[in-house]
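Engineer: Sharing protein-v3.cif, mmCIF, C-alpha atoms and all ligand atoms:
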```
data_work
loop_
_atom_site.label_atom_id
_atom_site.label_comp_id
_atom_site.auth_asym_id
_atom_site.auth_seq_id
_atom_site.Cartn_x
_atom_site.Cartn_y
_atom_site.Cartn_z
CA PRO A 215 36.85 40.30 -1.65
CA VAL A 216 36.37 41.18 1.99
CA ILE A 217 37.44 38.41 4.28
CA THR A 218 35.33 38.38 7.41
CA ALA A 219 36.15 36.64 10.65
CA PRO A 220 35.30 32.92 10.68
CA ARG A 221 31.87 31.99 11.88
CA PRO A 222 31.76 29.55 14.75
CA ILE A 223 31.47 25.86 13.92
CA GLN A 224 28.49 24.40 15.75
CA ALA A 225 27.00 20.95 16.01
CA LEU A 226 23.57 20.97 14.37
CA PRO A 227 20.49 20.23 16.44
CA ASP A 228 19.12 16.71 16.06
CA GLN A 229 15.89 17.83 14.42
CA LEU A 230 17.78 19.80 11.76
CA ILE A 231 20.10 16.87 11.06
CA SER A 232 17.05 14.69 10.46
CA GLN A 233 15.46 17.33 8.25
CA ILE A 234 18.63 17.45 6.15
CA ALA A 235 18.70 13.65 5.93
CA ALA A 236 15.01 13.72 5.03
CA GLY A 237 15.96 15.60 1.88
CA GLU A 238 17.60 12.40 0.62
CA VAL A 239 15.32 9.78 2.13
CA VAL A 240 11.95 11.51 1.74
CA GLU A 241 12.05 13.12 -1.70
CA ARG A 242 8.29 12.91 -2.09
CA PRO A 243 5.30 10.98 -0.71
CA SER A 244 6.12 7.86 -2.73
CA ALA A 245 9.45 7.61 -0.91
CA VAL A 246 7.54 7.42 2.39
CA VAL A 247 5.32 4.69 0.95
CA LYS A 248 8.41 2.74 -0.12
CA GLU A 249 10.10 3.00 3.27
CA LEU A 250 6.97 2.02 5.20
CA LEU A 251 6.22 -0.91 2.90
CA GLU A 252 9.79 -2.16 3.22
CA ASN A 253 9.50 -1.98 7.00
CA ALA A 254 6.22 -3.90 6.90
CA LEU A 255 7.81 -6.63 4.77
CA ASP A 256 10.93 -6.78 6.94
CA ALA A 257 8.55 -7.37 9.88
CA GLY A 258 7.29 -10.55 8.20
CA SER A 259 3.85 -9.20 7.28
CA THR A 260 1.52 -11.16 5.01
CA GLN A 261 -1.22 -8.53 4.82
CA ILE A 262 -0.59 -4.87 4.18
CA SER A 263 -2.98 -2.02 3.60
CA ILE A 264 -1.96 1.37 2.24
CA ARG A 265 -4.28 4.31 2.73
CA LEU A 266 -3.44 7.55 0.96
CA GLU A 267 -5.09 10.93 1.07
CA GLU A 268 -4.45 13.74 -1.38
CA GLY A 269 -1.67 11.93 -3.20
CA GLY A 270 -0.04 10.98 0.10
CA VAL A 271 0.69 14.59 1.01
CA LYS A 272 -2.21 14.79 3.45
CA ARG A 273 -1.83 11.25 4.74
CA ILE A 274 -0.06 7.96 4.26
CA ALA A 275 -1.21 5.26 6.66
CA ILE A 276 0.19 1.76 6.32
CA THR A 277 -1.12 -1.11 8.42
CA ASP A 278 0.56 -4.50 8.54
CA ASN A 279 0.14 -7.76 10.41
CA GLY A 280 3.85 -8.21 11.10
CA ARG A 281 5.70 -8.87 14.32
CA GLY A 282 5.23 -5.39 15.78
CA ILE A 283 7.53 -3.36 18.02
CA PRO A 284 7.84 -3.91 21.79
CA PRO A 285 6.69 -0.79 23.70
CA ASP A 286 10.09 -0.17 25.32
CA GLN A 287 11.62 0.04 21.82
CA LEU A 288 9.07 2.40 20.30
CA PRO A 289 11.13 5.57 20.89
CA LEU A 290 14.13 3.88 19.26
CA ALA A 291 12.07 3.10 16.16
CA LEU A 292 11.80 6.85 15.60
CA ALA A 293 15.38 7.63 16.61
CA ARG A 294 18.05 8.28 14.00
CA HIS A 295 20.56 5.52 13.22
CA ALA A 296 18.69 3.01 15.35
CA THR A 297 17.78 -0.31 13.73
CA SER A 298 16.94 -3.88 14.68
CA LYS A 299 18.31 -5.16 11.37
CA ILE A 300 22.07 -4.90 11.63
CA ALA A 301 24.48 -4.60 14.53
CA SER A 302 27.90 -4.90 12.89
CA LEU A 303 29.85 -4.48 9.65
CA THR A 304 29.53 -8.22 9.04
CA ASP A 305 25.75 -7.89 9.30
CA LEU A 306 25.85 -4.98 6.85
CA GLU A 307 27.84 -7.00 4.34
CA ASN A 308 25.35 -9.86 4.56
CA VAL A 309 22.18 -7.82 4.91
CA ALA A 310 19.08 -9.73 3.85
CA THR A 311 16.45 -7.20 4.94
CA LEU A 312 15.24 -4.34 2.77
CA GLY A 313 16.12 -1.74 5.41
CA PHE A 314 19.22 -1.40 7.55
CA ARG A 315 20.12 2.29 7.79
CA GLY A 316 17.80 3.04 10.68
CA GLU A 317 17.00 6.49 9.40
CA ALA A 318 13.72 6.27 7.49
CA LEU A 319 11.29 6.71 10.37
CA ALA A 320 13.42 9.41 11.99
CA SER A 321 13.62 11.32 8.70
CA ILE A 322 9.91 10.98 8.06
CA ALA A 323 9.14 12.10 11.62
CA ALA A 324 11.28 15.20 11.08
CA VAL A 325 9.16 16.42 8.17
CA ALA A 326 5.66 15.12 8.95
CA ALA A 327 3.31 14.36 11.83
CA VAL A 328 3.90 10.69 12.59
CA SER A 329 2.28 8.19 14.90
CA VAL A 330 3.19 4.54 15.33
CA THR A 331 0.66 2.12 16.80
CA THR A 332 1.88 -1.41 17.29
CA ARG A 333 1.16 -4.66 19.07
CA THR A 334 3.46 -7.65 19.38
CA ALA A 335 2.14 -11.20 19.70
CA ASP A 336 2.79 -11.32 23.46
CA ALA A 337 1.35 -7.89 24.31
CA ALA A 338 -2.01 -7.59 26.08
CA HIS A 339 -2.83 -4.52 23.99
CA ALA A 340 -1.31 -2.11 21.49
CA TRP A 341 1.00 0.82 22.25
CA GLN A 342 1.40 4.13 20.51
CA ILE A 343 4.02 6.83 20.15
CA ILE A 344 3.27 10.20 18.60
CA GLY A 345 5.53 12.77 17.02
CA SER A 346 9.16 11.81 17.55
CA HIS A 347 11.41 9.65 19.70
CA HIS A 348 10.78 12.21 22.46
CA GLY A 349 7.07 11.39 22.39
CA ALA A 350 5.44 9.50 25.24
CA VAL A 351 4.57 5.83 24.76
CA SER A 352 0.98 5.22 25.76
CA PRO A 353 -1.45 2.28 25.72
CA SER A 354 -3.64 2.12 22.65
CA SER A 355 -6.01 -0.23 20.91
CA GLY A 356 -5.27 -2.12 17.75
CA ALA A 357 -4.69 -5.51 16.18
CA TYR A 358 -1.41 -7.43 16.09
CA GLY A 359 1.02 -5.69 13.80
CA THR A 360 1.85 -2.08 13.15
CA THR A 361 0.18 1.02 11.75
CA ILE A 362 2.35 3.95 10.82
CA ASP A 363 0.38 7.07 10.13
CA VAL A 364 2.15 9.95 8.39
CA GLN A 365 0.23 13.19 8.02
CA ASP A 366 0.90 16.58 6.47
CA LEU A 367 4.17 15.84 4.76
CA TYR A 368 6.57 18.81 4.83
CA PHE A 369 4.18 20.86 7.02
CA ASN A 370 7.22 22.29 8.81
CA THR A 371 9.47 22.61 5.76
CA PRO A 372 7.42 24.82 3.41
CA ALA A 373 10.29 25.22 0.95
CA ARG A 374 10.20 21.48 0.24
CA ARG A 375 6.44 21.44 0.09
CA LYS A 376 6.62 23.77 -2.90
CA PHE A 377 8.43 21.09 -4.89
CA LEU A 378 5.49 18.71 -4.66
CA LYS A 379 3.60 18.17 -7.90
CA SER A 380 -0.16 17.84 -8.30
CA GLU A 381 -2.12 15.41 -6.16
CA GLN A 382 -2.62 13.14 -9.18
CA THR A 383 1.09 13.09 -10.00
CA GLU A 384 2.12 12.33 -6.43
CA TYR A 385 -0.56 9.67 -6.20
CA GLY A 386 0.75 8.12 -9.43
CA HIS A 387 4.25 7.83 -7.97
CA CYS A 388 2.87 6.27 -4.78
CA ALA A 389 0.80 3.75 -6.72
CA GLU A 390 3.83 2.84 -8.84
CA VAL A 391 5.86 2.10 -5.70
CA VAL A 392 3.05 -0.13 -4.41
CA ARG A 393 2.88 -1.99 -7.74
CA ARG A 394 6.64 -2.55 -7.77
CA ILE A 395 6.64 -3.98 -4.29
CA ALA A 396 3.47 -6.01 -4.77
CA LEU A 397 4.97 -7.61 -7.89
CA ALA A 398 7.96 -8.77 -5.89
CA ARG A 399 5.82 -10.31 -3.16
CA PRO A 400 2.86 -12.31 -4.46
CA ASP A 401 2.96 -14.15 -1.10
CA VAL A 402 1.63 -10.98 0.57
CA SER A 403 -1.79 -9.40 0.10
CA PHE A 404 -1.98 -5.67 -0.52
CA THR A 405 -4.85 -3.19 -0.44
CA LEU A 406 -4.40 0.31 -1.78
CA SER A 407 -6.90 3.09 -1.19
CA HIS A 408 -6.90 6.74 -2.15
CA ASN A 409 -9.17 9.38 -0.65
CA GLY A 410 -11.32 6.73 1.00
CA LYS A 411 -11.83 4.58 -2.10
CA THR A 412 -10.21 1.17 -2.58
CA VAL A 413 -8.19 1.41 -5.76
CA ASP A 414 -6.52 -2.00 -5.87
CA HIS A 415 -6.55 -5.21 -3.92
CA TRP A 416 -4.26 -8.13 -4.58
CA ASN A 417 -4.79 -11.43 -2.78
CA VAL A 418 -1.97 -13.81 -2.01
CA CYS A 419 -1.26 -15.75 -5.22
CA ASP A 420 1.63 -16.93 -7.39
CA LEU A 421 3.92 -14.74 -9.43
CA ALA A 422 2.13 -15.53 -12.71
CA LYS A 423 -1.19 -14.28 -11.32
CA ARG A 424 0.34 -11.24 -9.65
CA CYS A 425 1.99 -10.35 -12.97
CA ALA A 426 -1.34 -10.67 -14.76
CA HIS A 427 -3.04 -8.45 -12.17
CA ILE A 428 -0.40 -5.77 -12.26
CA LEU A 429 0.94 -5.85 -15.83
CA GLY A 430 -2.35 -6.71 -17.47
CA SER A 431 -3.66 -9.34 -19.83
CA GLU A 432 -1.39 -8.33 -22.70
CA PHE A 433 1.67 -9.34 -20.74
CA ALA A 434 -0.05 -12.43 -19.34
CA ALA A 435 -0.82 -13.63 -22.87
CA ALA A 436 2.70 -13.14 -24.17
CA ARG A 437 5.23 -14.08 -21.54
CA LEU A 438 7.78 -16.82 -21.13
CA PRO A 439 8.98 -18.24 -17.85
CA VAL A 440 12.61 -17.90 -16.82
CA ASP A 441 14.15 -19.98 -14.09
CA GLU A 442 17.86 -20.63 -14.18
CA CYS A 443 20.58 -21.19 -11.65
CA ALA A 444 24.34 -20.96 -11.99
CA GLY A 445 26.43 -21.33 -8.88
CA PRO A 446 25.25 -18.74 -6.35
CA LEU A 447 22.98 -17.00 -8.90
CA ARG A 448 19.32 -17.63 -9.63
CA LEU A 449 17.16 -15.72 -12.07
CA HIS A 450 13.45 -16.34 -12.20
CA GLY A 451 10.34 -14.59 -13.41
CA PHE A 452 8.85 -13.82 -16.79
CA VAL A 453 10.04 -12.14 -19.96
CA GLY A 454 7.50 -10.67 -22.35
CA LEU A 455 7.45 -11.68 -25.99
CA PRO A 456 8.04 -8.91 -28.52
CA THR A 457 4.24 -8.55 -28.79
CA ALA A 458 4.23 -7.46 -25.14
CA SER A 459 6.89 -4.81 -25.76
CA LYS A 460 6.09 -1.15 -25.28
CA ALA A 461 6.97 2.27 -26.61
CA ARG A 462 8.04 3.21 -23.07
CA ALA A 463 10.18 1.39 -20.52
CA ASP A 464 7.37 1.17 -17.98
CA GLY A 465 6.90 -2.58 -18.08
CA GLN A 466 10.34 -3.40 -16.74
CA PHE A 467 10.62 -4.78 -13.24
CA PHE A 468 13.94 -6.10 -12.03
CA TYR A 469 14.55 -7.21 -8.46
CA VAL A 470 17.75 -8.11 -6.71
CA ASN A 471 17.14 -10.12 -3.56
CA GLY A 472 13.58 -8.81 -3.41
CA ARG A 473 14.59 -5.20 -3.91
CA PHE A 474 13.35 -3.28 -6.96
CA VAL A 475 16.38 -1.87 -8.74
CA ARG A 476 17.02 0.17 -11.82
CA ASP A 477 20.50 -0.88 -12.67
CA LYS A 478 22.31 -0.03 -15.93
CA LEU A 479 24.17 -3.31 -16.02
CA LEU A 480 21.01 -5.40 -15.63
CA VAL A 481 18.94 -3.33 -18.05
CA HIS A 482 21.75 -3.69 -20.56
CA ALA A 483 22.03 -7.45 -20.10
CA VAL A 484 18.30 -7.97 -20.70
CA ARG A 485 18.21 -5.54 -23.61
CA ALA A 486 21.14 -7.33 -25.26
CA ALA A 487 19.32 -10.66 -24.94
CA TYR A 488 16.36 -9.18 -26.84
CA GLN A 489 18.55 -7.79 -29.60
CA ASP A 490 17.62 -10.36 -32.24
CA VAL A 491 13.90 -10.38 -31.53
CA LEU A 492 13.03 -6.76 -30.82
CA HIS A 493 13.29 -3.52 -32.79
CA GLY A 494 15.58 -0.91 -31.31
CA ASP A 495 12.75 1.55 -30.59
CA ARG A 496 10.66 -0.89 -28.53
CA PHE A 497 11.10 -1.66 -24.84
CA PRO A 498 10.76 -5.24 -23.63
CA SER A 499 8.48 -5.96 -20.67
CA TYR A 500 9.71 -8.25 -17.96
CA VAL A 501 9.49 -9.20 -14.32
CA LEU A 502 12.78 -10.73 -13.26
CA ALA A 503 14.12 -11.55 -9.85
CA LEU A 504 17.80 -12.18 -9.32
CA GLU A 505 18.72 -13.95 -6.11
CA LEU A 506 22.26 -14.24 -4.89
CA ASP A 507 24.26 -14.41 -1.71
CA PRO A 508 23.87 -10.94 -0.11
CA ALA A 509 27.64 -10.86 0.38
CA LEU A 510 28.06 -10.72 -3.43
CA VAL A 511 26.10 -7.50 -3.86
CA ASP A 512 26.46 -4.11 -2.21
CA VAL A 513 23.12 -2.42 -1.66
CA ASN A 514 24.63 0.37 0.41
CA VAL A 515 25.27 2.61 -2.60
CA HIS A 516 22.46 5.14 -2.33
CA PRO A 517 19.95 5.93 0.43
CA SER A 518 17.00 4.87 -1.72
CA LYS A 519 18.93 1.67 -2.55
CA ILE A 520 17.72 1.69 -6.16
CA GLU A 521 21.26 1.11 -7.40
CA VAL A 522 23.35 -1.86 -6.45
CA ARG A 523 26.92 -2.90 -7.06
CA PHE A 524 27.91 -6.47 -7.78
CA ARG A 525 31.13 -8.00 -6.54
CA ASP A 526 31.51 -9.69 -9.94
CA SER A 527 29.47 -7.66 -12.39
CA ARG A 528 30.77 -9.45 -15.50
CA THR A 529 29.52 -12.81 -14.29
CA VAL A 530 26.13 -11.34 -13.35
CA HIS A 531 25.80 -9.66 -16.76
CA GLN A 532 26.68 -12.87 -18.62
CA PHE A 533 24.33 -14.94 -16.51
CA VAL A 534 21.33 -12.63 -16.95
CA PHE A 535 22.03 -12.20 -20.66
CA HIS A 536 22.22 -15.94 -21.33
CA ALA A 537 19.25 -16.83 -19.13
CA VAL A 538 16.98 -14.33 -20.91
CA GLN A 539 18.35 -15.23 -24.32
CA ARG A 540 17.70 -18.93 -23.72
CA ALA A 541 14.15 -18.23 -22.55
CA LEU A 542 13.45 -16.23 -25.70
CA ALA A 543 15.17 -18.77 -27.97
CA ALA A 544 13.13 -21.62 -26.52
CA THR A 545 9.94 -20.20 -28.02
CA SER A 546 11.29 -19.42 -31.41
CA ALA A 547 12.46 -23.03 -31.51
CA THR A 548 9.02 -24.34 -30.49
CA SER A 549 7.17 -22.02 -32.81
CA PHE A 550 9.37 -23.22 -35.69
CA ALA A 551 8.74 -26.80 -34.68
CA ASN A 552 5.01 -26.19 -34.54
CA ALA A 553 4.88 -24.21 -37.75
CA PRO A 554 3.27 -25.99 -40.67
CA ALA A 555 5.86 -27.22 -43.15
P1 LIG B 601 15.47 0.38 9.23
O1 LIG B 601 14.34 -0.18 8.46
O2 LIG B 601 16.62 0.75 8.36
O3 LIG B 601 15.88 -0.44 10.40
P2 LIG B 601 13.57 2.45 9.99
O4 LIG B 601 13.76 3.84 10.47
O5 LIG B 601 12.80 2.25 8.74
O6 LIG B 601 15.01 1.80 9.86
O7 LIG B 601 12.88 1.61 11.16
C1 LIG B 601 13.50 1.57 12.44
C2 LIG B 601 13.14 0.29 13.18
O8 LIG B 601 11.75 0.32 13.55
C3 LIG B 601 13.31 -0.98 12.37
O9 LIG B 601 14.65 -1.47 12.46
C4 LIG B 601 12.30 -1.92 13.02
O10 LIG B 601 12.86 -2.56 14.14
C5 LIG B 601 11.20 -0.99 13.51
N1 LIG B 601 10.05 -0.96 12.58
C6 LIG B 601 9.75 -0.01 11.68
N2 LIG B 601 8.61 -0.28 11.02
C7 LIG B 601 8.15 -1.46 11.53
C8 LIG B 601 7.01 -2.29 11.25
N3 LIG B 601 6.09 -1.96 10.32
N4 LIG B 601 6.87 -3.43 11.97
C9 LIG B 601 7.79 -3.78 12.90
N5 LIG B 601 8.88 -3.04 13.20
C10 LIG B 601 9.08 -1.89 12.53
MG MG B 602 13.17 0.89 7.12
#
```
Can you present the structure in this file as structure tokens?

Structural biologist:
Amino acid sequence: PVITAPRPIQALPDQLISQIAAGEVVERPSAVVKELLENALDAGSTQISIRLEEGGVKRIAITDNGRGIPPDQLPLALARHATSKIASLTDLENVATLGFRGEALASIAAVAAVSVTTRTADAAHAWQIIGSHHGAVSPSSGAYGTTIDVQDLYFNTPARRKFLKSEQTEYGHCAEVVRRIALARPDVSFTLSHNGKTVDHWNVCDLAKRCAHILGSEFAAARLPVDECAGPLRLHGFVGLPTASKARADGQFFYVNGRFVRDKLLVHAVRAAYQDVLHGDRFPSYVLALELDPALVDVNVHPSKIEVRFRDSRTVHQFVFHAVQRALAATSATSFANAPA
């Protein structure tokens, strides 16, 4: 092989760095929806509306009633590695917010046309920034809270745009992300619209009602409550009876400290608890939330934070397994007791 002279090593321009990062953070429109919803929740919002156009590719606009962003900080919101959520390694190890990397908005702004309109409680009016952290901050009108408007995803990265699936498929992924997050937060109201039509609206309610709205009446009619604590661990939610099981694993919602996760260890623990009551080819349905001291779980494993790592995974596995098994056993005991002799 011909060895050519080395090419010069150059620092990449900021925009290109963000576009590379966007490849991980912004896989598709639903990833934008997830990041924006997590920001809205981290801002303490109780009312969130999600407007999508053309599966989110044309537009994703999320409006919340959270604490907003002060105008002097608006450019930083769009800057890479800038966050209000952590300031030190200790903060990172104890992180209780959904976000902390400070790269979502910068990544999104690198691959789409973004505007942020926001008003804090003490501001006389709203402020807006358009485009990137270089954009000017100008007075605007709007209610308390924040609207982040993301248009024309991947307009400047056509190679990525080609990987997008049909509008319906992308919309489906977006709607799934909304459902996942809405299930975790029945204390927040959500409105989802697509192409100008309201598709779903969930009022503030309790978890049982939110489950019924999102998982349907079949689950609502055949679920058992779980609520157990052991030391620093708490597991609560609902497990579906075998009659609520499915041929696909699409009724499984597991949250760790409010974060939807798909974790092998947790899926295994729940599955094992169902072993005696469910055929091997059926998938149990459940909505389970594990709460623990943030210091006992590492969420900094993957940019999308869908995987987590537990400090003591054996204890977590045992705890989840036994809690679910006990919930399931409780009914078989009652149904035996109630059965005619
Ligand atoms: P991260 O969430 O990891 O901090 P982001 O890029 O998602 O990073 O957001 C950057 C910052 O912008 C956040 O730390 C937060 O201070 C602010 N921010 C983003 N979205 C909102 C929102 N909806 N309401 C209030 N502040 C927001
Ligand atoms: Mg964020």

Engineer: Could you pull the residues within 7 Å of stretch 459-466 of chain A, counting only C-alpha atoms, minus those fewer than 5 positions along the same chain, as number ranges by chain?

Structural biologist: A: 454, 496-501

Engineer: A:Gly237: which residues within 10 Å, counting only C-alpha atoms, same-chain residues fewer than 6 positions away excluded, as a PyMOL selection string?

Structural biologist: chain A and resi 321-322+325+374

Engineer: Each residue of chain A lying at most 9 Å from ligand LIG 601 (chain B) should get a row with its shortest atom-to-atom pair and the distance in Å to one decimal, counting all atoms listed in the file; could you produce that, ordered by chain and increasing number, as CSV?

Structural biologist:
```
residue,atom,partner,partner_atom,distance
A:Glu249,CA,B:LIG601,O5,6.1
A:Leu250,CA,B:LIG601,N2,6.5
A:Leu251,CA,B:LIG601,N3,7.5
A:Glu252,CA,B:LIG601,O1,7.2
A:Asn253,CA,B:LIG601,N2,4.5
A:Ala254,CA,B:LIG601,N3,3.9
A:Leu255,CA,B:LIG601,N3,7.5
A:Asp256,CA,B:LIG601,N4,7.3
A:Ala257,CA,B:LIG601,C9,4.8
A:Gly258,CA,B:LIG601,N4,8.1
A:Ser259,CA,B:LIG601,N4,8.0
A:Ile276,CA,B:LIG601,N3,8.0
A:Thr277,CA,B:LIG601,N3,7.5
A:Asp278,CA,B:LIG601,N3,6.3
A:Asn279,CA,B:LIG601,N4,8.2
A:Gly280,CA,B:LIG601,N4,5.7
A:Arg281,CA,B:LIG601,C9,5.7
A:Gly282,CA,B:LIG601,C9,4.2
A:Ile283,CA,B:LIG601,N5,5.0
A:Pro284,CA,B:LIG601,N5,8.7
A:Gln287,CA,B:LIG601,O10,8.2
A:Leu288,CA,B:LIG601,O8,7.6
A:Leu290,CA,B:LIG601,C2,7.1
A:Ala291,CA,B:LIG601,O8,3.8
A:Leu292,CA,B:LIG601,O4,6.3
A:Ala293,CA,B:LIG601,O4,7.4
A:Arg294,CA,B:LIG601,O4,7.1
A:His295,CA,B:LIG601,O6,7.5
A:Ala296,CA,B:LIG601,C1,6.1
A:Thr297,CA,B:LIG601,O9,3.6
A:Ser298,CA,B:LIG601,O9,4.0
A:Lys299,CA,B:LIG601,O9,5.3
A:Ile300,CA,B:LIG601,O3,7.7
A:Thr311,CA,B:LIG601,O1,8.1
A:Leu312,CA,B:LIG601,O1,7.1
A:Gly313,CA,B:LIG601,O1,3.9
A:Phe314,CA,B:LIG601,O2,3.5
A:Arg315,CA,B:LIG601,O2,3.9
A:Gly316,CA,B:LIG601,O6,3.2
A:Glu317,CA,B:LIG601,O4,4.3
A:Ala318,CA,B:LIG601,O4,3.8
A:Leu319,CA,B:LIG601,O4,3.8
A:Ala320,CA,B:LIG601,O4,5.8
A:Ser321,CA,B:LIG601,O4,7.7
A:Ile322,CA,B:LIG601,O4,8.5
A:Val330,CA,B:LIG601,N2,8.4
A:Thr332,CA,B:LIG601,N4,7.6
A:Thr334,CA,B:LIG601,C9,8.7
A:Gly359,CA,B:LIG601,N4,6.5
A:Thr360,CA,B:LIG601,N3,5.1
A:Thr361,CA,B:LIG601,N3,6.8
A:Ile362,CA,B:LIG601,N3,7.0
```

Engineer: Write the selection just made, keeping C-alpha atoms, as a PDB file, in the coordinates of the input?

Structural biologist:
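Full text of out_30.pdb as output:
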```
ATOM      1  CA  GLU A 249      10.100   3.000   3.270  1.00  0.00           C
ATOM      2  CA  LEU A 250       6.970   2.020   5.200  1.00  0.00           C
ATOM      3  CA  LEU A 251       6.220  -0.910   2.900  1.00  0.00           C
ATOM      4  CA  GLU A 252       9.790  -2.160   3.220  1.00  0.00           C
ATOM      5  CA  ASN A 253       9.500  -1.980   7.000  1.00  0.00           C
ATOM      6  CA  ALA A 254       6.220  -3.900   6.900  1.00  0.00           C
ATOM      7  CA  LEU A 255       7.810  -6.630   4.770  1.00  0.00           C
ATOM      8  CA  ASP A 256      10.930  -6.780   6.940  1.00  0.00           C
ATOM      9  CA  ALA A 257       8.550  -7.370   9.880  1.00  0.00           C
ATOM     10  CA  GLY A 258       7.290 -10.550   8.200  1.00  0.00           C
ATOM     11  CA  SER A 259       3.850  -9.200   7.280  1.00  0.00           C
ATOM     12  CA  ILE A 276       0.190   1.760   6.320  1.00  0.00           C
ATOM     13  CA  THR A 277      -1.120  -1.110   8.420  1.00  0.00           C
ATOM     14  CA  ASP A 278       0.560  -4.500   8.540  1.00  0.00           C
ATOM     15  CA  ASN A 279       0.140  -7.760  10.410  1.00  0.00           C
ATOM     16  CA  GLY A 280       3.850  -8.210  11.100  1.00  0.00           C
ATOM     17  CA  ARG A 281       5.700  -8.870  14.320  1.00  0.00           C
ATOM     18  CA  GLY A 282       5.230  -5.390  15.780  1.00  0.00           C
ATOM     19  CA  ILE A 283       7.530  -3.360  18.020  1.00  0.00           C
ATOM     20  CA  PRO A 284       7.840  -3.910  21.790  1.00  0.00           C
ATOM     21  CA  GLN A 287      11.620   0.040  21.820  1.00  0.00           C
ATOM     22  CA  LEU A 288       9.070   2.400  20.300  1.00  0.00           C
ATOM     23  CA  LEU A 290      14.130   3.880  19.260  1.00  0.00           C
ATOM     24  CA  ALA A 291      12.070   3.100  16.160  1.00  0.00           C
ATOM     25  CA  LEU A 292      11.800   6.850  15.600  1.00  0.00           C
ATOM     26  CA  ALA A 293      15.380   7.630  16.610  1.00  0.00           C
ATOM     27  CA  ARG A 294      18.050   8.280  14.000  1.00  0.00           C
ATOM     28  CA  HIS A 295      20.560   5.520  13.220  1.00  0.00           C
ATOM     29  CA  ALA A 296      18.690   3.010  15.350  1.00  0.00           C
ATOM     30  CA  THR A 297      17.780  -0.310  13.730  1.00  0.00           C
ATOM     31  CA  SER A 298      16.940  -3.880  14.680  1.00  0.00           C
ATOM     32  CA  LYS A 299      18.310  -5.160  11.370  1.00  0.00           C
ATOM     33  CA  ILE A 300      22.070  -4.900  11.630  1.00  0.00           C
ATOM     34  CA  THR A 311      16.450  -7.200   4.940  1.00  0.00           C
ATOM     35  CA  LEU A 312      15.240  -4.340   2.770  1.00  0.00           C
ATOM     36  CA  GLY A 313      16.120  -1.740   5.410  1.00  0.00           C
ATOM     37  CA  PHE A 314      19.220  -1.400   7.550  1.00  0.00           C
ATOM     38  CA  ARG A 315      20.120   2.290   7.790  1.00  0.00           C
ATOM     39  CA  GLY A 316      17.800   3.040  10.680  1.00  0.00           C
ATOM     40  CA  GLU A 317      17.000   6.490   9.400  1.00  0.00           C
ATOM     41  CA  ALA A 318      13.720   6.270   7.490  1.00  0.00           C
ATOM     42  CA  LEU A 319      11.290   6.710  10.370  1.00  0.00           C
ATOM     43  CA  ALA A 320      13.420   9.410  11.990  1.00  0.00           C
ATOM     44  CA  SER A 321      13.620  11.320   8.700  1.00  0.00           C
ATOM     45  CA  ILE A 322       9.910  10.980   8.060  1.00  0.00           C
ATOM     46  CA  VAL A 330       3.190   4.540  15.330  1.00  0.00           C
ATOM     47  CA  THR A 332       1.880  -1.410  17.290  1.00  0.00           C
ATOM     48  CA  THR A 334       3.460  -7.650  19.380  1.00  0.00           C
ATOM     49  CA  GLY A 359       1.020  -5.690  13.800  1.00  0.00           C
ATOM     50  CA  THR A 360       1.850  -2.080  13.150  1.00  0.00           C
ATOM     51  CA  THR A 361       0.180   1.020  11.750  1.00  0.00           C
ATOM     52  CA  ILE A 362       2.350   3.950  10.820  1.00  0.00           C
TER      53      ILE A 362
END
```

Engineer: Between atom CA of A:Phe377 and atom CA of A:Ser244, what distance in Å does the model show, to one decimal?

Structural biologist: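 Atom-to-atom, atom CA of A:Phe377 to atom CA of A:Ser244, that is 13.6 Å.
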
Engineer: Do you know which residues are at most 9 Å from A:Val470 counting all atoms listed in the file, after dropping those on the same chain fewer than 4 positions away, and could you put them as a VMD selection string?

Structural biologist: chain A and resid 474 to 475 502 to 506 511 522

Engineer: What are the centre and the three edge lengths of an axis-aligned box that wraps all atoms of stretch 407-420 of chain A in the file, given that 5 Å is added to every side, written as JSON and rounded to one decimal in Å?

Structural biologist:
```
{"center_x": -5.1, "center_y": -3.8, "center_z": -3.2, "size_x": 23.5, "size_y": 36.3, "size_z": 18.4}
```

Engineer: Could you tell me how far atom CA of A:Val364 lies from atom CA of A:Ala236, in Å and to one decimal?

Structural biologist: 13.8 Å

Engineer: For a test of reading the model, state the distance in Å between atom CA of A:Val271 and atom CA of A:Gln365, rounded to one decimal.

Structural biologist: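 Separation between atom CA of A:Val271 and atom CA of A:Gln365: 7.2 Å.
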
Engineer: Which is closest to ligand MG 602 (chain B) among A:Ser263, A:Ser431, A:Ser346, A:Ser518, if we use all atoms listed in the file?

Structural biologist: A:Ser518

Engineer: Which residues are near stretch 400-406 of chain A? Cut-off 6 Å, all atoms listed in the file, ignore same chain within fewer than 3 positions. Put them as a list in words.

Structural biologist: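 Answer for this query is Thr260, Gln261, Ile262, Ser263, Ile264, Thr412, Val413, Asp414, His415, Trp416, Asn417, Val418, Cys419, Asp420, Leu421 and Arg424 of chain A.
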
Engineer: Would you pick out the contacts of A:Ala310 at 9 Å or less, using all atoms listed in the file, so that residues sharing its chain but fewer than 4 positions from it are not included, and give the list as a list of chain:residue names?

Structural biologist: A:Lys299, A:Asp305, A:Leu306, A:Asn471, A:Asp507, A:Pro508

Engineer: Pick out the closest residue to ligand MG 602 (chain B) from this set: A:Pro517, A:Gly430, A:Pro456, A:Pro220. Count only C-alpha atoms and all ligand atoms.

Structural biologist: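 Ranking A:Pro517, A:Gly430, A:Pro456, A:Pro220 by distance to ligand MG 602 (chain B), first place goes to A:Pro517.
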
Engineer: Between A:Trp341, A:Phe369, A:Phe452, A:Phe467, single out the one closest to A:Val538, counting only C-alpha atoms.

Structural biologist: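 Residue with the minimum atom-to-atom distance to A:Val538: A:Phe452.
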